[in-house]
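Colleague: Before we start, here is the structure in question, set down as structure tokens.
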Amino acid sequence: MLVMIKVNLQRRWGRTALTALGVAVGVTTIVAMLALTGGLSRSAGDLAKLGRADFGVFQGGLADLTASSLPASIVPRIEAVPGVAAAAPLQVVPHALAADSSILVFGAEEQSFLVKRLVLIAGRDAAGKELMVGSNAAARLRIKPGQTLVIDGRALRVAGIYRSGISLEDDGVVLPLALTQQLSRRPDEISMIAILIAPGYGELAVERSIERAVPGTLALGDPSEVARVDTNSRIINKAAIIIAVLALLLGAVVVINTMAMAVIERRREFGVLAAVGWSHARIARLILGESATVSLVGTGVGLAVGALASVLLVHALAAATFVSPVITLWVIGRGLIVGFALGVLGSLFSLWQVLRVPTLKALQRE
């Protein structure tokens with residue numbers, strides 16, 4: 001049986017390749033979309049957890065949380081809210097780094113917990129108008145302590161390389177808050193406030209207290225909640241679902257059409273097999289075996305191409321810093337399910353086409 005499956009697939013290599021392509025298209029799209037949306041959700045969650053904060057406070061009613069703008073004067077009001085152990089103002093400046101505009105620049109006070117929690121892996125702490133570079137950003141930029149980076153037209157010395165454990169933070173650059181406010185020409189504005197909760201207080205209660213104390217703000221800590229509030233994330237997630245459904249439909253059409261054509265060409269062959277004693281169950285096993293083999297090949301190609309496509313896409317969109325594709329076992333598992341489902345769909349259609357035609361009628365057809 002295995003030898004016959006191999007010979008049949010090799011003999012009709014064009015049909016085999018086209019069927020595998022249909023499966024691969026569906027799997028590629030599912031894997032790429034799931035990896036991108038997962039990465040987007042993780043990045044949105046990282047924004048609220050910068051400095052390993054318990055949650056972040058943003059401007060309310062925005063489509064993009066990175067565009068949040070708050071007056072620096074509200075920091076003392078938030079610090080006075082019961083349950084707030086520390087409040088660290090932070091300014092996020094996009095597209096400011098000349099060497100790589102996708103790298104985010106973070107402005108933080110030198111004595112804040114955001115800066116104190118950075119683990120130096122090279123160089124020293126920044127002083128004055130110096131900066132520190134995240135480990136991932138340093139690797140991309142091939143930068144070392146003592147060298148300079150141009151931020152918004154100003155050359156600044158790199159004091160050290162840090163690691164925080166937060167992907168978004170390790171992909172960025174940290175400057176003194178006063179300097180980023182000066183560079184962005186927004187001296188009295190910040191982007192967000194990172195919050196540490198005092199022992200004995202619940203996160204949700206403190207978040208709601210801050211929102212009541214400072215109307216117009218939004219306190220977020222749970223990554224899923226951040227992704228749900230961020231309108232851009234929701235739009236991208238919905239677009240990903242639509243694209244994935246269309247790709248699955250395209251893959252299903254290709255698989256079914258190709259297998260239907262193959263069955264039409266092989267009706268006489270199946271009739272001969274039935275005439276020499278092959279049972280319907282044995283013919284079904286042959287078709288299922290061929291379908292499973294093609295689906296396995298298409299799924300393997302789709303998983304590899306999907307993972308690669310998700311990485312190439314974020315680089316093509318210059319979003320590699322804010323969105324890092326997330327390839328998890330669950331993503332791979334869903335890719336396998338899609339590949340298997342497309343193969344089963346095609347094989348069931350083929351079985352129906354074969355088994356509904358009587359043996360003698362099949363032998364009479366050319």
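Every chain in the structure tokens takes a letter, A first, then B, and so on in the order presented; its residues are numbered from 1, and the ligands are numbered from 1 following the presented order.
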Set the distance at 8 Å and use only C-alpha atoms: which residues neighbour segment 166-170 of chain A once local chain neighbours fewer than 3 positions away are removed? I'd like the list as a ChimeraX atom specification.

Modeller: /A:43,46-47,49-52,133-137,162-163,173,321-322

Colleague: Can you write out as JSON lines which residues of segment 125-214 of chain A fall within 10 Å of segment 65-82 of chain A, alongside each residue's closest atom pair and its distance in Å to one decimal, counting only C-alpha atoms and ordering rows by chain and ascending residue number?

Modeller:
```
{"residue": "A:Arg186", "atom": "CA", "partner": "A:Pro71", "partner_atom": "CA", "distance": 9.7}
{"residue": "A:Pro187", "atom": "CA", "partner": "A:Ala72", "partner_atom": "CA", "distance": 8.7}
{"residue": "A:Asp188", "atom": "CA", "partner": "A:Ala72", "partner_atom": "CA", "distance": 5.5}
{"residue": "A:Glu189", "atom": "CA", "partner": "A:Pro71", "partner_atom": "CA", "distance": 4.7}
{"residue": "A:Ile190", "atom": "CA", "partner": "A:Leu70", "partner_atom": "CA", "distance": 5.2}
{"residue": "A:Ser191", "atom": "CA", "partner": "A:Ser69", "partner_atom": "CA", "distance": 4.6}
{"residue": "A:Met192", "atom": "CA", "partner": "A:Ser68", "partner_atom": "CA", "distance": 6.7}
{"residue": "A:Ile193", "atom": "CA", "partner": "A:Val75", "partner_atom": "CA", "distance": 7.6}
{"residue": "A:Ile195", "atom": "CA", "partner": "A:Glu79", "partner_atom": "CA", "distance": 8.9}
{"residue": "A:Leu196", "atom": "CA", "partner": "A:Glu79", "partner_atom": "CA", "distance": 10.0}
{"residue": "A:Ile197", "atom": "CA", "partner": "A:Pro82", "partner_atom": "CA", "distance": 9.2}
{"residue": "A:Ala198", "atom": "CA", "partner": "A:Pro82", "partner_atom": "CA", "distance": 8.4}
{"residue": "A:Tyr201", "atom": "CA", "partner": "A:Pro82", "partner_atom": "CA", "distance": 8.5}
{"residue": "A:Ala205", "atom": "CA", "partner": "A:Pro82", "partner_atom": "CA", "distance": 9.7}
{"residue": "A:Val206", "atom": "CA", "partner": "A:Pro82", "partner_atom": "CA", "distance": 7.3}
{"residue": "A:Glu207", "atom": "CA", "partner": "A:Val81", "partner_atom": "CA", "distance": 9.8}
{"residue": "A:Ser209", "atom": "CA", "partner": "A:Val81", "partner_atom": "CA", "distance": 6.9}
{"residue": "A:Ile210", "atom": "CA", "partner": "A:Ile78", "partner_atom": "CA", "distance": 6.3}
{"residue": "A:Glu211", "atom": "CA", "partner": "A:Ile78", "partner_atom": "CA", "distance": 9.3}
{"residue": "A:Arg212", "atom": "CA", "partner": "A:Val81", "partner_atom": "CA", "distance": 9.8}
{"residue": "A:Ala213", "atom": "CA", "partner": "A:Ile78", "partner_atom": "CA", "distance": 7.4}
{"residue": "A:Val214", "atom": "CA", "partner": "A:Ile74", "partner_atom": "CA", "distance": 7.5}
```

Colleague: From the options A:Leu175, A:Leu246, A:Ala126, A:Val23, which residue's atoms come nearest to Gly302 of chain A, counting only C-alpha atoms?

Modeller: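 For Gly302 of chain A, the nearest of the candidates is A:Val23.
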
Colleague: Which residues are close to Phe340 of chain A, i.e. within 12 Å by only C-alpha atoms, leaving aside same-chain residues fewer than 3 positions away? Reply as a VMD selection string.

Modeller: chain A and resid 20 22 to 24 26 to 27 252 255 288 291 to 300 302 333 to 337 343 to 347

Colleague: For Leu114 of chain A, which residue out of A:Val31, A:Ala138, A:Ile151, A:Ala53 is the nearest one, using only C-alpha atoms?

Modeller: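 Selected residue with least distance to Leu114 of chain A: A:Ala53.
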
Colleague: Give me the residues near Thr28 of chain A as a ChimeraX atom specification, where near means some atom within 12 Å (using only C-alpha atoms) and where sequence neighbours in that chain fewer than 6 positions away do not count.

Modeller: /A:20-22,34-35,243-244,247-248,251,298-310,331-332,334-336,338-339
